[in-house]
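J.: Here you go, this is coords25.tsv (TSV, C-alpha atoms and all ligand atoms).
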chain	number	residue	atom	x	y	z
M	92	MET	CA	-42.50	24.23	12.62
M	93	THR	CA	-39.55	22.56	14.30
M	94	ASP	CA	-36.85	23.50	16.78
M	95	ARG	CA	-34.64	20.61	15.67
M	96	VAL	CA	-30.99	21.51	15.22
M	97	LYS	CA	-29.60	20.98	11.74
M	98	VAL	CA	-26.21	19.31	11.70
M	99	ALA	CA	-23.92	18.40	8.81
M	100	VAL	CA	-21.34	15.62	8.83
M	101	LEU	CA	-18.78	15.68	6.02
M	102	GLY	CA	-17.45	12.21	5.17
M	103	GLY	CA	-19.60	9.13	4.70
M	104	GLY	CA	-17.11	6.54	5.97
M	105	SER	CA	-17.30	4.54	9.20
M	106	PHE	CA	-17.01	7.33	11.70
M	107	GLY	CA	-18.92	10.03	9.81
M	108	THR	CA	-21.85	7.66	9.35
M	109	VAL	CA	-21.85	6.57	12.99
M	110	LEU	CA	-21.72	10.15	14.24
M	111	ALA	CA	-24.51	11.27	11.90
M	112	ASN	CA	-26.58	8.28	12.97
M	113	LEU	CA	-26.10	9.09	16.66
M	114	ILE	CA	-27.24	12.67	16.08
M	115	GLY	CA	-30.20	11.56	13.95
M	116	SER	CA	-31.27	9.02	16.55
M	117	LYS	CA	-31.54	11.90	19.05
M	118	GLY	CA	-34.22	13.44	16.80
M	119	GLU	CA	-32.05	16.11	15.18
M	120	GLN	CA	-31.95	16.72	11.45
M	121	VAL	CA	-28.62	15.53	10.07
M	122	TYR	CA	-27.12	15.62	6.61
M	123	LEU	CA	-24.30	13.21	5.78
M	124	TRP	CA	-22.22	14.50	2.89
M	125	MET	CA	-20.27	12.08	0.71
M	126	ARG	CA	-18.61	12.47	-2.67
M	127	ASN	CA	-20.44	9.58	-4.31
M	128	ALA	CA	-24.01	10.54	-5.32
M	129	GLU	CA	-25.06	6.97	-6.11
M	130	ARG	CA	-23.99	5.82	-2.68
M	131	ALA	CA	-25.88	8.69	-1.08
M	132	GLU	CA	-29.06	7.71	-2.94
M	133	GLU	CA	-28.57	4.10	-1.94
M	134	ILE	CA	-28.27	5.11	1.75
M	135	ASN	CA	-31.47	7.18	1.52
M	136	ARG	CA	-33.29	4.26	-0.11
M	137	SER	CA	-32.12	1.51	2.20
M	138	HIS	CA	-31.26	3.47	5.39
M	139	GLU	CA	-28.03	1.54	5.55
M	140	ASN	CA	-24.41	2.29	4.61
M	141	HIS	CA	-23.62	-1.06	3.00
M	142	ARG	CA	-20.02	-0.12	2.25
M	143	TYR	CA	-18.91	0.93	5.74
M	144	LEU	CA	-21.54	-0.33	8.21
M	145	PRO	CA	-23.31	-3.30	6.65
M	146	GLY	CA	-26.28	-4.64	8.57
M	147	ARG	CA	-26.76	-1.51	10.71
M	148	PRO	CA	-30.03	0.34	10.11
M	149	LEU	CA	-29.61	4.13	10.12
M	150	SER	CA	-31.87	6.80	11.60
M	151	GLU	CA	-34.75	8.11	9.49
M	152	ASN	CA	-33.54	11.62	10.41
M	153	LEU	CA	-30.31	11.07	8.47
M	154	THR	CA	-30.23	12.30	4.88
M	155	ALA	CA	-27.24	11.40	2.75
M	156	THR	CA	-26.29	13.83	0.02
M	157	ALA	CA	-23.48	14.54	-2.44
M	158	ASP	CA	-24.54	18.20	-2.56
M	159	LEU	CA	-22.31	20.22	-0.20
M	160	GLN	CA	-24.54	23.26	-0.29
M	161	GLN	CA	-27.58	21.22	0.74
M	162	ALA	CA	-25.61	19.68	3.61
M	163	LEU	CA	-24.14	22.92	4.90
M	164	GLN	CA	-26.97	25.39	4.43
M	165	ASP	CA	-28.37	26.35	7.86
M	166	ALA	CA	-26.32	23.71	9.71
M	167	GLU	CA	-25.47	24.98	13.19
M	168	ILE	CA	-22.64	22.50	13.63
M	169	VAL	CA	-20.49	20.88	10.94
M	170	PHE	CA	-18.48	17.78	11.84
M	171	VAL	CA	-15.63	16.90	9.49
M	172	SER	CA	-14.79	13.19	9.32
M	173	ILE	CA	-12.48	13.09	6.32
M	174	PRO	CA	-9.06	11.35	6.39
M	175	SER	CA	-6.22	13.79	7.05
M	176	GLN	CA	-4.75	13.63	3.54
M	177	SER	CA	-7.98	15.01	1.99
M	178	PHE	CA	-9.11	17.19	4.90
M	179	ARG	CA	-7.87	20.56	3.59
M	180	GLU	CA	-9.20	19.86	0.09
M	181	VAL	CA	-12.70	19.15	1.46
M	182	ILE	CA	-12.65	22.24	3.72
M	183	ARG	CA	-11.75	24.33	0.68
M	184	GLN	CA	-14.70	22.84	-1.21
M	185	ALA	CA	-17.00	23.58	1.73
M	186	LYS	CA	-15.77	27.13	2.38
M	187	PRO	CA	-17.97	28.91	-0.22
M	188	PHE	CA	-21.07	27.46	1.48
M	189	LEU	CA	-20.08	28.22	5.08
M	190	ARG	CA	-21.07	31.25	7.17
M	191	ALA	CA	-18.69	32.56	9.83
M	192	ASP	CA	-21.06	31.69	12.70
M	193	GLN	CA	-21.19	27.96	11.91
M	194	ILE	CA	-19.28	25.75	14.33
M	195	VAL	CA	-16.81	23.41	12.59
M	196	VAL	CA	-15.49	20.37	14.48
M	197	SER	CA	-12.87	17.86	13.30
M	198	THR	CA	-13.10	14.17	14.19
M	199	THR	CA	-9.96	13.32	12.21
M	200	LYS	CA	-6.98	11.69	13.91
M	201	GLY	CA	-4.09	12.41	11.61
M	202	ILE	CA	-1.44	14.84	10.39
M	203	GLU	CA	-1.21	16.63	7.04
M	204	ALA	CA	1.83	15.63	4.97
M	205	LYS	CA	4.60	18.24	4.52
M	206	SER	CA	3.02	20.98	6.70
M	207	PHE	CA	2.80	18.70	9.78
M	208	SER	CA	-0.53	20.45	10.50
M	209	LEU	CA	-3.16	18.98	12.74
M	210	MET	CA	-6.76	19.40	11.56
M	211	SER	CA	-7.51	22.27	13.98
M	212	GLN	CA	-4.62	24.18	12.43
M	213	ILE	CA	-6.03	23.56	8.95
M	214	LEU	CA	-9.43	24.79	10.16
M	215	SER	CA	-7.89	27.95	11.66
M	216	GLU	CA	-6.01	28.66	8.44
M	217	GLU	CA	-8.85	27.95	6.01
M	218	LEU	CA	-11.78	29.23	8.12
M	219	PRO	CA	-10.24	31.96	10.30
M	220	GLY	CA	-13.64	33.42	11.27
M	221	ASN	CA	-15.39	30.22	12.36
M	222	PRO	CA	-15.62	28.83	15.89
M	223	ILE	CA	-13.76	25.51	15.80
M	224	GLY	CA	-13.15	22.40	17.91
M	225	VAL	CA	-12.04	18.78	17.76
M	226	ILE	CA	-13.46	15.59	19.22
M	227	SER	CA	-11.37	12.61	20.20
M	228	GLY	CA	-11.56	9.68	22.61
M	229	PRO	CA	-12.08	5.89	22.77
M	230	ASN	CA	-14.60	5.91	19.94
M	231	LEU	CA	-14.45	2.78	17.80
M	232	ALA	CA	-17.18	3.36	15.22
M	233	LYS	CA	-18.24	-0.27	15.19
M	234	GLU	CA	-18.93	-0.23	18.94
M	235	ILE	CA	-20.74	3.11	18.95
M	236	VAL	CA	-23.19	1.90	16.31
M	237	GLN	CA	-24.04	-0.98	18.66
M	238	GLN	CA	-24.70	1.62	21.38
M	239	GLN	CA	-21.91	0.28	23.58
M	240	LEU	CA	-21.25	2.84	26.33
M	241	THR	CA	-18.40	5.26	25.77
M	242	ALA	CA	-17.36	8.90	25.89
M	243	THR	CA	-15.45	11.45	23.89
M	244	VAL	CA	-13.74	14.80	24.53
M	245	ILE	CA	-14.74	18.05	22.85
M	246	ALA	CA	-11.77	20.38	22.89
M	247	SER	CA	-12.08	24.03	21.98
M	248	GLU	CA	-10.93	27.34	23.31
M	249	ASP	CA	-14.49	28.60	22.79
M	250	GLU	CA	-16.93	27.67	25.55
M	251	ARG	CA	-19.91	27.97	23.15
M	252	VAL	CA	-18.40	25.26	20.96
M	253	ARG	CA	-17.83	22.95	23.93
M	254	THR	CA	-21.41	23.40	25.16
M	255	ALA	CA	-23.01	23.04	21.72
M	256	VAL	CA	-21.14	19.81	20.99
M	257	GLN	CA	-21.85	18.39	24.43
M	258	GLN	CA	-25.56	19.02	23.88
M	259	ILE	CA	-25.73	17.66	20.35
M	260	LEU	CA	-23.85	14.40	21.04
M	261	HIS	CA	-24.76	13.54	24.62
M	262	CYS	CA	-27.08	10.54	25.03
M	263	ALA	CA	-27.53	7.46	27.22
M	264	PHE	CA	-24.64	5.59	25.61
M	265	PHE	CA	-22.34	8.53	24.75
M	266	ARG	CA	-20.94	11.08	27.20
M	267	VAL	CA	-19.02	14.17	26.13
M	268	TYR	CA	-16.30	15.65	28.36
M	269	ALA	CA	-14.86	19.11	27.77
M	270	SER	CA	-11.29	20.35	27.37
M	271	SER	CA	-9.65	23.60	26.33
M	272	ASP	CA	-6.43	21.88	25.13
M	273	MET	CA	-7.34	21.39	21.47
M	274	TYR	CA	-3.81	20.60	20.36
M	275	GLY	CA	-3.23	18.05	23.14
M	276	VAL	CA	-6.55	16.25	22.55
M	277	GLU	CA	-5.86	16.08	18.84
M	278	LEU	CA	-2.28	14.88	19.31
M	279	GLY	CA	-3.48	12.14	21.69
M	280	GLY	CA	-5.86	10.73	19.07
M	281	THR	CA	-3.29	11.04	16.33
M	282	LEU	CA	-0.20	9.62	18.04
M	283	LYS	CA	-1.91	6.60	19.58
M	284	ASN	CA	-2.44	5.18	16.08
M	285	ILE	CA	1.32	4.60	15.82
M	286	TYR	CA	1.37	2.60	19.02
M	287	ALA	CA	-1.72	0.63	17.99
M	288	ILE	CA	0.29	-0.67	15.04
M	289	ALA	CA	3.07	-1.70	17.46
M	290	SER	CA	0.52	-3.40	19.74
M	291	GLY	CA	-1.08	-5.33	16.89
M	292	LEU	CA	2.35	-6.46	15.81
M	293	SER	CA	3.29	-7.63	19.30
M	294	ALA	CA	-0.05	-9.47	19.66
M	295	ALA	CA	0.53	-11.34	16.39
M	296	LEU	CA	3.95	-12.38	17.65
M	297	GLY	CA	2.43	-13.83	20.82
M	298	MET	CA	4.00	-11.40	23.27
M	299	GLY	CA	2.78	-11.68	26.89
M	300	GLU	CA	0.48	-9.48	28.97
M	301	ASN	CA	3.43	-7.85	30.79
M	302	THR	CA	4.89	-6.93	27.43
M	303	LYS	CA	1.60	-5.40	26.22
M	304	SER	CA	1.28	-3.38	29.40
M	305	MET	CA	4.87	-2.14	29.21
M	306	LEU	CA	4.39	-1.22	25.56
M	307	MET	CA	1.24	0.83	26.23
M	308	THR	CA	2.72	2.61	29.23
M	309	ARG	CA	5.97	3.50	27.48
M	310	SER	CA	3.89	4.61	24.49
M	311	LEU	CA	2.10	7.04	26.76
M	312	ALA	CA	5.43	8.34	28.07
M	313	GLU	CA	6.71	8.82	24.52
M	314	MET	CA	3.50	10.45	23.25
M	315	SER	CA	3.42	12.95	26.07
M	316	ARG	CA	7.15	13.73	25.69
M	317	PHE	CA	6.56	14.55	22.02
M	318	ALA	CA	3.37	16.52	22.67
M	319	VAL	CA	4.96	18.65	25.40
M	320	GLN	CA	7.78	19.60	23.02
M	321	LEU	CA	5.08	20.73	20.58
M	322	GLY	CA	3.26	22.84	23.18
M	323	ALA	CA	0.47	20.54	24.45
M	324	ASN	CA	-0.40	20.07	28.13
M	325	PRO	CA	0.86	16.66	29.39
M	326	MET	CA	-2.10	16.39	31.78
M	327	THR	CA	-4.38	16.00	28.74
M	328	PHE	CA	-2.79	12.59	28.17
M	329	LEU	CA	-4.27	11.34	31.44
M	330	GLY	CA	-7.75	11.84	29.97
M	331	LEU	CA	-9.98	10.01	27.51
M	332	ALA	CA	-8.24	11.44	24.46
M	333	GLY	CA	-4.88	10.24	25.77
M	334	VAL	CA	-4.80	7.11	27.88
M	335	GLY	CA	-8.46	6.28	27.04
M	336	ASP	CA	-7.97	6.14	23.30
M	337	LEU	CA	-4.53	4.54	23.64
M	338	ILE	CA	-5.93	1.61	25.62
M	339	VAL	CA	-8.78	0.85	23.24
M	340	THR	CA	-6.80	1.22	20.04
M	341	CYS	CA	-3.90	-0.85	21.36
M	342	SER	CA	-6.21	-3.67	22.53
M	343	SER	CA	-8.94	-4.07	19.96
M	344	PRO	CA	-8.95	-5.85	16.61
M	345	LEU	CA	-11.76	-3.41	15.71
M	346	SER	CA	-9.01	-0.79	15.36
M	347	ARG	CA	-7.75	-0.58	11.79
M	348	ASN	CA	-4.29	0.50	12.97
M	349	TYR	CA	-4.06	-2.48	15.31
M	350	ARG	CA	-5.10	-4.71	12.41
M	351	VAL	CA	-2.36	-3.31	10.18
M	352	GLY	CA	0.19	-4.16	12.90
M	353	TYR	CA	-1.28	-7.63	13.36
M	354	ALA	CA	-1.11	-8.32	9.63
M	355	LEU	CA	2.54	-7.21	9.56
M	356	GLY	CA	3.23	-9.54	12.48
M	357	GLU	CA	1.71	-12.38	10.47
M	358	GLY	CA	4.22	-11.66	7.73
M	359	LYS	CA	2.06	-9.67	5.30
M	360	THR	CA	3.62	-6.77	3.41
M	361	LEU	CA	2.63	-3.23	4.37
M	362	GLU	CA	0.86	-2.82	1.03
M	363	ASP	CA	-1.22	-5.97	1.57
M	364	ALA	CA	-1.99	-5.06	5.17
M	365	VAL	CA	-3.29	-1.62	4.19
M	366	GLU	CA	-5.04	-2.83	1.04
M	367	SER	CA	-6.99	-5.56	2.80
M	368	LEU	CA	-8.46	-3.04	5.29
M	369	GLY	CA	-10.46	-1.06	2.70
M	370	GLU	CA	-10.60	1.79	5.21
M	371	VAL	CA	-8.15	4.41	6.41
M	372	ALA	CA	-5.37	3.55	8.90
M	373	GLU	CA	-3.95	6.97	9.71
M	374	GLY	CA	-1.09	5.54	11.80
M	375	VAL	CA	1.03	4.46	8.83
M	376	ASN	CA	1.53	8.02	7.52
M	377	THR	CA	1.58	9.42	11.06
M	378	LEU	CA	4.53	7.15	11.87
M	379	ARG	CA	6.43	8.57	8.89
M	380	TYR	CA	5.73	12.22	9.73
M	381	VAL	CA	6.33	11.88	13.48
M	382	LYS	CA	9.65	10.10	12.89
M	383	GLU	CA	10.77	12.98	10.65
M	384	LYS	CA	9.61	15.59	13.16
M	385	ALA	CA	11.22	13.81	16.12
M	386	ASP	CA	14.51	13.59	14.21
M	387	GLU	CA	14.29	17.26	13.27
M	388	LEU	CA	13.54	18.39	16.84
M	389	GLU	CA	15.80	15.75	18.42
M	390	ILE	CA	13.01	14.27	20.54
M	391	TYR	CA	13.85	10.86	21.99
M	392	MET	CA	11.25	8.40	20.62
M	393	PRO	CA	12.68	4.87	20.67
M	394	LEU	CA	9.34	3.18	19.95
M	395	VAL	CA	8.68	5.36	16.91
M	396	SER	CA	12.24	4.80	15.64
M	397	GLY	CA	12.05	1.04	16.20
M	398	LEU	CA	8.62	0.68	14.59
M	399	TYR	CA	9.74	2.80	11.65
M	400	GLU	CA	12.62	0.38	11.03
M	401	VAL	CA	10.27	-2.61	11.17
M	402	VAL	CA	7.50	-1.11	9.02
M	403	PHE	CA	9.52	0.72	6.36
M	404	ASN	CA	12.95	-0.94	6.41
M	405	HIS	CA	11.93	-4.55	7.15
M	406	ALA	CA	14.06	-4.77	10.31
M	407	PRO	CA	13.33	-7.99	12.27
M	408	VAL	CA	11.08	-7.26	15.30
M	409	SER	CA	13.16	-9.47	17.59
M	410	GLN	CA	16.31	-7.49	16.81
M	411	VAL	CA	14.61	-4.11	17.32
M	412	ALA	CA	12.96	-5.28	20.56
M	413	LYS	CA	16.30	-6.59	21.90
M	414	MET	CA	18.01	-3.30	21.12
M	415	MET	CA	15.33	-1.36	22.97
M	416	MET	CA	15.45	-3.65	26.00
M	417	LEU	CA	19.24	-3.33	26.25
M	418	ASN	CA	19.15	0.44	25.76
M	419	THR	CA	20.46	2.78	28.51
M	420	GLN	CA	18.27	2.69	31.66
M	421	SER	CA	15.87	5.59	31.95
M	422	SER	CA	13.32	7.37	34.17
M	423	ASP	CA	9.77	6.00	34.60
M	424	VAL	CA	7.74	9.24	34.71
M	425	GLU	CA	10.00	11.98	33.47
M	426	PHE	CA	7.72	14.73	34.81
M	427	VAL	CA	8.61	13.32	38.28
M	428	LEU	CA	12.26	12.37	37.65
M	429	PRO	CA	13.59	14.14	34.54
M	430	ARG	CA	15.51	11.98	32.07
M	431	ALA	CA	19.25	12.54	32.43
M	432	ASP	CA	19.72	13.39	28.76
M	433	LEU	CA	16.76	15.77	28.39
O	1	LIG	N1	-13.61	4.62	12.48
O	1	LIG	C1	-13.39	4.96	13.73
O	1	LIG	O1	-13.62	4.17	14.66
O	1	LIG	C2	-12.92	6.35	14.05
O	1	LIG	C3	-12.29	7.14	13.11
O	1	LIG	N2	-11.85	8.39	13.46
O	1	LIG	C4	-11.15	9.23	12.50
O	1	LIG	O2	-12.09	9.77	11.58
O	1	LIG	C5	-11.45	9.96	10.31
O	1	LIG	C6	-12.30	9.29	9.25
O	1	LIG	O3	-12.28	7.92	9.55
O	1	LIG	P1	-13.32	6.85	9.05
O	1	LIG	O4	-14.64	7.44	8.75
O	1	LIG	O5	-13.26	5.74	10.00
O	1	LIG	O6	-12.60	6.43	7.66
O	1	LIG	P2	-13.13	5.49	6.52
O	1	LIG	O7	-11.94	4.97	5.82
O	1	LIG	O8	-14.14	4.55	7.06
O	1	LIG	O9	-13.91	6.52	5.55
O	1	LIG	C7	-13.28	7.63	4.98
O	1	LIG	C8	-14.34	8.45	4.28
O	1	LIG	O10	-13.75	9.65	3.79
O	1	LIG	C9	-14.15	9.81	2.44
O	1	LIG	N3	-13.18	10.59	1.68
O	1	LIG	C10	-11.85	10.38	1.54
O	1	LIG	N4	-11.31	11.34	0.76
O	1	LIG	C11	-12.33	12.16	0.39
O	1	LIG	C12	-12.41	13.32	-0.44
O	1	LIG	N5	-11.34	13.84	-1.03
O	1	LIG	N6	-13.62	13.88	-0.61
O	1	LIG	C13	-14.71	13.37	-0.04
O	1	LIG	N7	-14.71	12.27	0.77
O	1	LIG	C14	-13.52	11.68	0.97
O	1	LIG	C15	-14.27	8.40	1.89
O	1	LIG	O11	-15.07	8.43	0.73
O	1	LIG	P3	-15.15	7.16	-0.27
O	1	LIG	O12	-15.96	6.12	0.43
O	1	LIG	O13	-15.86	7.75	-1.47
O	1	LIG	O14	-13.75	6.72	-0.56
O	1	LIG	C16	-14.96	7.72	3.09
O	1	LIG	O15	-16.32	7.96	3.06
O	1	LIG	C17	-10.02	9.36	10.44
O	1	LIG	O16	-9.09	10.38	10.65
O	1	LIG	C18	-10.12	8.48	11.67
O	1	LIG	O17	-8.88	8.40	12.34
O	1	LIG	C19	-12.08	8.89	14.70
O	1	LIG	C20	-12.71	8.15	15.66
O	1	LIG	C21	-13.12	6.79	15.42
O	2	LIG	O1	-9.64	6.16	16.79
O	2	LIG	C1	-10.24	5.13	16.85
O	2	LIG	C2	-10.93	4.70	18.09
O	2	LIG	O2	-10.97	5.70	19.03
O	2	LIG	C3	-10.29	4.22	15.67
O	2	LIG	O3	-9.05	3.67	15.50
O	2	LIG	P1	-8.63	3.06	14.09
O	2	LIG	O4	-8.54	4.22	13.14
O	2	LIG	O5	-7.35	2.37	14.36
O	2	LIG	O6	-9.72	2.11	13.69
Please rewrite the model in this file as structure tokens.
Ligand SMILES: NC(=O)C1=CN([C@@H]2O[C@H](COP(=O)(O)OP(=O)(O)OC[C@H]3O[C@@H](n4cnc5c(N)ncnc54)[C@H](OP(=O)(O)O)[C@@H]3O)[C@@H](O)[C@H]2O)C=CC1
Ligand SMILES: O=C(CO)COP(=O)(O)O

T.:
Amino acid sequence: MTDRVKVAVLGGGSFGTVLANLIGSKGEQVYLWMRNAERAEEINRSHENHRYLPGRPLSENLTATADLQQALQDAEIVFVSIPSQSFREVIRQAKPFLRADQIVVSTTKGIEAKSFSLMSQILSEELPGNPIGVISGPNLAKEIVQQQLTATVIASEDERVRTAVQQILHCAFFRVYASSDMYGVELGGTLKNIYAIASGLSAALGMGENTKSMLMTRSLAEMSRFAVQLGANPMTFLGLAGVGDLIVTCSSPLSRNYRVGYALGEGKTLEDAVESLGEVAEGVNTLRYVKEKADELEIYMPLVSGLYEVVFNHAPVSQVAKMMMLNTQSSDVEFVLPRADL
């Protein structure tokens, strides 16, 4: 009767809902899985996700469900939009209902505690037979739902995954660029959350435009230094999933990570800053795990170290900033002029 593609999105928060809505508004059949059955019923009744996207009508092609089997059965593509700390648990719940030919794509920008796994690594471990990919880019959910123009990157080693995701998401307000560097694309989206906290903090403290620009650029240098040590391609950081996502998340109060930093700059405690969001800010845990990993691998990350002191050890920002400014002089682009101590 229909040649519509069936798609499943796991996770009924801000981004999962926006992604499902985009796909539904293209005329495809999309199931949005969430753990709360009452909330799913409420979405189907009102065509609105009052909790995460109040006031935004959702596509009639979107069906919310708390039944994983219903969501996954016959879906050609499964997007997973679950915060990193619950990602593996949800994939394990989904596994009994998945066939090996279903494409599984992560939208999650975080790192698993203890294992330091990115979501693509969790997918490879838990679903070794499935074609997998990740999407990442300057994709603030609250702008996408307003159909503000933007783009994302689909990264996968499998060309069929790249093409399928480009086709399913592409529309007049959303472009989809392709990459084969899954790890780099994922690391870009994950690491920038740390620097968004630093940017929010510096904005709250009234730092100037030069300062903001220096902070973002040195963040990019630090992110790519870390990613290269972990095996990613530094060129990926020049793309939408690197510099693109860094710019938006470090500049916009619509970013939850930026808002956490801003609240800290206003003098709130970390607990209050996170609590008042009511949504996930992956950067707080990411900062902890990346600091540990950088220490373990002896990767020079002064911004991560300084922010860690401010966020977790209550160091005064002015003191940390002064220490960084008076630090040994260094190279601008270390892929052009290597740092002396590398
Ligand atoms: N928002 C954005 O602009 C973007 C977000 N992302 C990334 O997407 C991921 C998800 O973010 P986002 O949707 O914004 O987060 P939200 O905080 O808005 O929503 C998280 C969702 O995950 C659900 N969830 C959490 N744990 C579980 C679990 N164990 N089982 C089932 N559901 C669970 C929550 O359910 P419940 O409501 O029941 O608690 C909620 O629906 C993050 O990694 C984020 O970095 C990527 C691009 C843009
Ligand atoms: O990743 C995002 C935009 O691309 C969303 O950032 P936050 O999680 O900080 O809101």

J.: Which residues, written as a PyMOL selection string, have at least one atom at most 12 Å from Val375 of chain M, with all atoms listed in the file counted and residues fewer than 5 positions away on the same chain left out?

T.: chain M and resi 175+200-202+204+281-289+347-352+355+361-362+364-365+380-382+395+398-399+401-403

J.: Counting only C-alpha atoms and all ligand atoms, name the residues that have an atom within 9 Å of an atom of ligand LIG 2 (chain O); the answer should be given as JSON, numbers by chain.

T.: {"M": [106, 199, 200, 227, 228, 229, 230, 231, 232, 233, 243, 280, 281, 283, 284, 287, 288, 332, 335, 336, 337, 339, 340, 341, 343, 344, 345, 346, 347, 348, 349, 350, 351, 370, 371, 372, 373, 374]}

J.: Let me make sure I understand: among M:Ile245, M:Ala295, M:Val424, M:Val225, which one has the smallest atom-to-atom distance to Ser315 of chain M if we use all atoms listed in the file?

T.: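 Of the candidates, the smallest distance to Ser315 of chain M is held by M:Val424.
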
J.: For segment 93-98 of chain M, take all atoms listed in the file, fit an axis-aligned box around them, add 3 Å to each of the six sides, then output centre and edge lengths in Å rounded to one decimal, as lines of an AutoDock Vina configuration file.

T.:
center_x = -32.9
center_y = 21.4
center_z = 14.2
size_x = 19.3
size_y = 10.2
size_z = 11.1

J.: Residues around (-22.1, 12.6, 22.4), cut-off 9 Å, counting all atoms listed in the file - what are they as a list in words?

T.: Leu110, Leu113, Ile114, Thr241, Ala242, Thr243, Val244, Val256, Gln257, Gln258, Ile259, Leu260, His261, Cys262, Ala263, Phe264, Phe265, Arg266, Val267 and Tyr268 of chain M

J.: Using only C-alpha atoms, which residue out of M:Gly333, M:Gly322, M:Gly118, M:Gly107 lies closest to Val276 of chain M?

T.: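 The shortest atom-to-atom distance to Val276 of chain M comes from M:Gly333.
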
J.: Just checking: using only C-alpha atoms and all ligand atoms, which residue out of M:Leu368, M:Leu292, M:Met326, M:Val98 ends up closest to ligand LIG 1 (chain O)?

T.: M:Leu368

J.: Hey, what's within 10 Å of Ser271 of chain M if we count all atoms listed in the file and toss same-chain stuff fewer than 4 positions away? As a list in words, please?

T.: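 Contacts, with the query itself left out: Gly224, Val244, Ile245, Ala246, Ser247, Glu248, Asp249, Glu250, Arg253, Gly275, Val276 and Thr327 of chain M.
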
J.: Those same residues, written as a CSV table (one decimal), in the coordinates of the input with C-alpha atoms?

T.:
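Written output follows (out.csv):
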chain,number,residue,atom,x,y,z
M,224,GLY,CA,-13.2,22.4,17.9
M,244,VAL,CA,-13.7,14.8,24.5
M,245,ILE,CA,-14.7,18.0,22.8
M,246,ALA,CA,-11.8,20.4,22.9
M,247,SER,CA,-12.1,24.0,22.0
M,248,GLU,CA,-10.9,27.3,23.3
M,249,ASP,CA,-14.5,28.6,22.8
M,250,GLU,CA,-16.9,27.7,25.6
M,253,ARG,CA,-17.8,23.0,23.9
M,275,GLY,CA,-3.2,18.0,23.1
M,276,VAL,CA,-6.6,16.2,22.6
M,327,THR,CA,-4.4,16.0,28.7

J.: Which residues are close to Arg179 of chain M, i.e. within 12 Å by only C-alpha atoms, leaving aside same-chain residues fewer than 2 positions away? Reply as a PyMOL selection string.

T.: chain M and resi 171-177+181-186+197+199+202-204+206+208-218

J.: Identify, on the basis of all atoms listed in the file, every residue whose closest approach to Gly103 of chain M does not exceed 12 Å; exclude the query and any residue fewer than 6 positions from it along the same chain; express the result as a tab-separated table (two decimals) with C-alpha atoms, in the frame of the given file.

T.:
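Saved the output as part-v3.tsv:
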chain	number	residue	atom	x	y	z
M	109	VAL	CA	-21.85	6.57	12.99
M	110	LEU	CA	-21.72	10.15	14.24
M	111	ALA	CA	-24.51	11.27	11.90
M	112	ASN	CA	-26.58	8.28	12.97
M	122	TYR	CA	-27.12	15.62	6.61
M	123	LEU	CA	-24.30	13.21	5.78
M	124	TRP	CA	-22.22	14.50	2.89
M	125	MET	CA	-20.27	12.08	0.71
M	126	ARG	CA	-18.61	12.47	-2.67
M	127	ASN	CA	-20.44	9.58	-4.31
M	128	ALA	CA	-24.01	10.54	-5.32
M	130	ARG	CA	-23.99	5.82	-2.68
M	131	ALA	CA	-25.88	8.69	-1.08
M	134	ILE	CA	-28.27	5.11	1.75
M	139	GLU	CA	-28.03	1.54	5.55
M	140	ASN	CA	-24.41	2.29	4.61
M	141	HIS	CA	-23.62	-1.06	3.00
M	142	ARG	CA	-20.02	-0.12	2.25
M	143	TYR	CA	-18.91	0.93	5.74
M	144	LEU	CA	-21.54	-0.33	8.21
M	153	LEU	CA	-30.31	11.07	8.47
M	154	THR	CA	-30.23	12.30	4.88
M	155	ALA	CA	-27.24	11.40	2.75
M	156	THR	CA	-26.29	13.83	0.02
M	157	ALA	CA	-23.48	14.54	-2.44
M	170	PHE	CA	-18.48	17.78	11.84
M	171	VAL	CA	-15.63	16.90	9.49
M	172	SER	CA	-14.79	13.19	9.32
M	173	ILE	CA	-12.48	13.09	6.32
M	174	PRO	CA	-9.06	11.35	6.39
M	370	GLU	CA	-10.60	1.79	5.21

J.: Suppose you want the space between atom CA of Leu417 of chain M and atom CA of Glu400 of chain M; what is it in Å?

T.: 17.0 Å

J.: Quick one, how far is atom C18 of ligand LIG 1 (chain O) from atom CA of Leu163 of chain M?

T.: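 Atom-to-atom, atom C18 of ligand LIG 1 (chain O) and atom CA of Leu163 of chain M are spaced 21.2 Å apart.
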
J.: Quick one: residues within 7 Å of Ile168 of chain M, all atoms listed in the file counted, chain neighbours fewer than 6 positions away excluded, as a PyMOL selection string?

T.: chain M and resi 98-99+193-195

J.: Kindly give the distance, in Å, that separates atom CA of Phe426 of chain M and atom CA of Val319 of chain M, rounded to a single decimal.

T.: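 A separation of 10.6 Å between them.
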
J.: Let me make sure I understand: among M:Leu278, M:Leu428, M:Val411, M:Ala191, which one has the smallest atom-to-atom distance to ligand LIG 1 (chain O) if we use all atoms listed in the file?

T.: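 Smallest distance to ligand LIG 1 (chain O) is found for M:Leu278.
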
J.: Here is a test: counting only C-alpha atoms, which residue of M:Ser290, M:Asn324, M:Ser310, M:Thr419 is nearest to Met392 of chain M?

T.: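 Residue with the minimum atom-to-atom distance to Met392 of chain M: M:Ser310.
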